[in-house]
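Asker: Before we start, here is the structure in question, set down as structure tokens.
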Amino acid sequence: MTSGVEREGPEMEIFHLLRAVAVEYGLRQAEFAAEHGMHVTDVRALICLLDAERAGIDATAGFLGAGLGLNSAGTTGVVDRLERLGLVSRVRDASDRRRVLLRVEDRAKELGWSYFSPLIDRTVGVLSGFDERHLAAVRLFLQTALDALTT
């Protein structure tokens, strides 16, 4: 045992499965990016912006940069590429015209759904076979694992 963490056992098996899922999803993101003339960071940016939209958060370039761990020059490069591809637009905030918000265009959503919907459907199909207690356990695990990575 090192650092108080057991290196074998069911917890590590679950950790390795989670890592395998993350790697496979990352590979699908890379395939999607290559197919559409993007960098993987561009796909991560779209995901970040879509998550913000679902959460009702106004996304600015600063918000996106923080979410991606990029400086302002790197963030500008990502937004410029996505804007050139017609996937993101910069729009003035209606309540504060000095502020520029980032909006994911419908074209990006359509491309994403056309590529990722089979993956999403299969994953949701697996979850549909779980009862509420199992769904709660999966939700709790994923949320606390995410919290452990981000804090």
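Residues in the structure tokens are numbered from 1 in each chain, the chains being A, B, ... in the order shown, and ligands are numbered from 1 in the order shown.
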Extract, using only C-alpha atoms, all DNA, RNA and protein residues at most 10 Å from Gly65 (chain A), discarding same-chain residues fewer than 3 positions from it, and format them as a VMD selection string.

Answerer: chain A and resid 45 48 60 to 62 68 to 76 78 to 79

Asker: List the neighbours of Leu87 (chain A) out to 12 Å using only C-alpha atoms; skip same-chain residues closer than 6 positions along the sequence, and give me the result as a PDB file with C-alpha atoms, in the first residue's frame.

Answerer:
```pdb
ATOM      1  CA  HIS A  36     -14.995  17.876 -38.866  1.00  0.00           C
ATOM      2  CA  GLY A  37     -11.675  19.700 -39.190  1.00  0.00           C
ATOM      3  CA  MET A  38     -11.331  20.477 -35.504  1.00  0.00           C
ATOM      4  CA  ASP A  42     -12.372  22.521 -29.924  1.00  0.00           C
ATOM      5  CA  VAL A  43     -14.654  19.599 -29.093  1.00  0.00           C
ATOM      6  CA  ALA A  45     -14.873  23.746 -25.844  1.00  0.00           C
ATOM      7  CA  LEU A  46     -18.182  22.845 -27.471  1.00  0.00           C
ATOM      8  CA  ILE A  47     -18.956  20.452 -24.618  1.00  0.00           C
ATOM      9  CA  LEU A  49     -20.357  25.660 -23.826  1.00  0.00           C
ATOM     10  CA  LEU A  50     -23.216  23.171 -24.181  1.00  0.00           C
ATOM     11  CA  VAL A  78     -10.305  28.086 -30.054  1.00  0.00           C
ATOM     12  CA  VAL A  79     -13.216  30.522 -30.373  1.00  0.00           C
ATOM     13  CA  ASP A  80     -11.864  31.866 -33.679  1.00  0.00           C
ATOM     14  CA  ARG A  81     -11.607  28.332 -35.120  1.00  0.00           C
ATOM     15  CA  LEU A 102     -20.452  32.671 -26.775  1.00  0.00           C
ATOM     16  CA  ARG A 103     -23.351  30.802 -28.335  1.00  0.00           C
ATOM     17  CA  VAL A 104     -23.235  27.298 -29.807  1.00  0.00           C
ATOM     18  CA  GLU A 105     -24.902  27.341 -33.199  1.00  0.00           C
ATOM     19  CA  ASP A 106     -27.570  24.824 -34.179  1.00  0.00           C
ATOM     20  CA  ARG A 107     -25.189  23.402 -36.804  1.00  0.00           C
ATOM     21  CA  ALA A 108     -22.793  22.311 -34.036  1.00  0.00           C
ATOM     22  CA  LYS A 109     -25.615  20.672 -32.113  1.00  0.00           C
ATOM     23  CA  GLU A 110     -26.811  18.857 -35.232  1.00  0.00           C
ATOM     24  CA  LEU A 111     -23.284  17.596 -36.015  1.00  0.00           C
ATOM     25  CA  GLY A 112     -22.854  16.454 -32.423  1.00  0.00           C
TER      26      GLY A 112
END
```

Asker: Of the residues A:Val40, A:Leu149, A:Leu82, A:Arg99, which is the one nearest to Ala59 (chain A), using only C-alpha atoms?

Answerer: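 Ranking A:Val40, A:Leu149, A:Leu82, A:Arg99 by distance to Ala59 (chain A), first place goes to A:Arg99.
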
Asker: Which of these residues is nearest to Ala30 (chain A), using only C-alpha atoms: A:Arg44, A:Arg84, A:Arg139, A:Arg92?

Answerer: A:Arg44

Asker: Which of these residues is nearest to Val91 (chain A), using only C-alpha atoms: A:Asp121, A:Glu35, A:Asp58, A:Glu24?

Answerer: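 Of the candidates, the smallest distance to Val91 (chain A) is held by A:Asp58.
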
Asker: So how far away is CA of Thr150 (chain A) from CA of Ile120 (chain A), in Å?

Answerer: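 Taking CA of Ile120 (chain A) as the start and CA of Thr150 (chain A) as the end point, the length is 24.0 Å.
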
Asker: Work out how far apart CA of Ala148 (chain A) and CA of Met12 (chain A) are and give it in Å to one decimal.

Answerer: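 Atom-to-atom, CA of Ala148 (chain A) to CA of Met12 (chain A), that is 15.1 Å.
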
Asker: What residues in chain A get the DSSP label strand (DSSP E)? Please answer as JSON, numbers by chain.

Answerer: {"A": [88, 89, 90, 91, 92, 93, 96, 97, 98, 99, 100, 101, 102, 103, 104]}

Asker: Based on the selection just made, write N, CA and C atoms of those residues as a tab-separated table (two decimals), in the first residue's frame.

Answerer:
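Output below, filename selection25.tsv:
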```tsv
chain	number	residue	atom	x	y	z
A	88	VAL	N	-19.83	28.23	-33.50
A	88	VAL	CA	-20.00	29.13	-32.34
A	88	VAL	C	-20.07	30.55	-32.88
A	89	SER	N	-20.84	31.37	-32.19
A	89	SER	CA	-20.87	32.79	-32.55
A	89	SER	C	-20.65	33.62	-31.29
A	90	ARG	N	-20.12	34.81	-31.52
A	90	ARG	CA	-19.97	35.80	-30.45
A	90	ARG	C	-21.16	36.74	-30.55
A	91	VAL	N	-21.85	36.92	-29.44
A	91	VAL	CA	-23.02	37.81	-29.42
A	91	VAL	C	-22.92	38.75	-28.23
A	92	ARG	N	-23.36	39.97	-28.43
A	92	ARG	CA	-23.37	40.94	-27.33
A	92	ARG	C	-24.43	40.56	-26.32
A	93	ASP	N	-24.10	40.68	-25.05
A	93	ASP	CA	-25.04	40.42	-23.97
A	93	ASP	C	-26.11	41.51	-24.02
A	96	ASP	N	-25.87	43.78	-20.94
A	96	ASP	CA	-24.61	44.51	-20.77
A	96	ASP	C	-23.86	44.45	-22.09
A	97	ARG	N	-24.06	45.45	-22.93
A	97	ARG	CA	-23.52	45.45	-24.29
A	97	ARG	C	-21.99	45.39	-24.33
A	98	ARG	N	-21.33	45.63	-23.21
A	98	ARG	CA	-19.86	45.54	-23.17
A	98	ARG	C	-19.40	44.08	-23.13
A	99	ARG	N	-20.29	43.21	-22.71
A	99	ARG	CA	-19.93	41.81	-22.53
A	99	ARG	C	-20.28	41.00	-23.78
A	100	VAL	N	-19.38	40.11	-24.16
A	100	VAL	CA	-19.60	39.26	-25.33
A	100	VAL	C	-19.79	37.83	-24.84
A	101	LEU	N	-20.89	37.23	-25.28
A	101	LEU	CA	-21.22	35.85	-24.91
A	101	LEU	C	-20.93	34.92	-26.08
A	102	LEU	N	-20.68	33.69	-25.76
A	102	LEU	CA	-20.45	32.67	-26.78
A	102	LEU	C	-21.69	31.80	-26.88
A	103	ARG	N	-22.15	31.60	-28.11
A	103	ARG	CA	-23.35	30.80	-28.33
A	103	ARG	C	-23.02	29.66	-29.30
A	104	VAL	N	-23.41	28.46	-28.93
A	104	VAL	CA	-23.23	27.30	-29.81
A	104	VAL	C	-24.34	27.35	-30.85
```

Asker: Could you pull out the residues in region 60-89 of chain A that DSSP calls alpha helix (DSSP H) from the backbone, as a list of chain:residue names?

Answerer: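 Matching residues, listed in order: A:Ala61, A:Gly62, A:Phe63, A:Leu64, A:Gly65, A:Ala66, A:Gly67, A:Leu68, A:Ser72, A:Ala73, A:Gly74, A:Thr75, A:Thr76, A:Gly77, A:Val78, A:Val79, A:Asp80, A:Arg81, A:Leu82, A:Glu83, A:Arg84.
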
Asker: Which is closer to Ala33 (chain A) than all the others in A:Leu146, A:Glu132, A:Tyr115, A:Arg122, using only C-alpha atoms?

Answerer: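 Closest to Ala33 (chain A) of all the choices is A:Tyr115.
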
Asker: Using Å and a single decimal, report how far CA of Leu142 (chain A) sits from CA of Leu64 (chain A).

Answerer: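 Interatomic distance, CA of Leu64 (chain A) to CA of Leu142 (chain A): 22.6 Å.
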
Asker: Of the candidates A:Phe116, A:Phe63, A:Phe130, A:Phe141, which shows the shortest atom-to-atom distance to Tyr25 (chain A), using only C-alpha atoms?

Answerer: A:Phe116
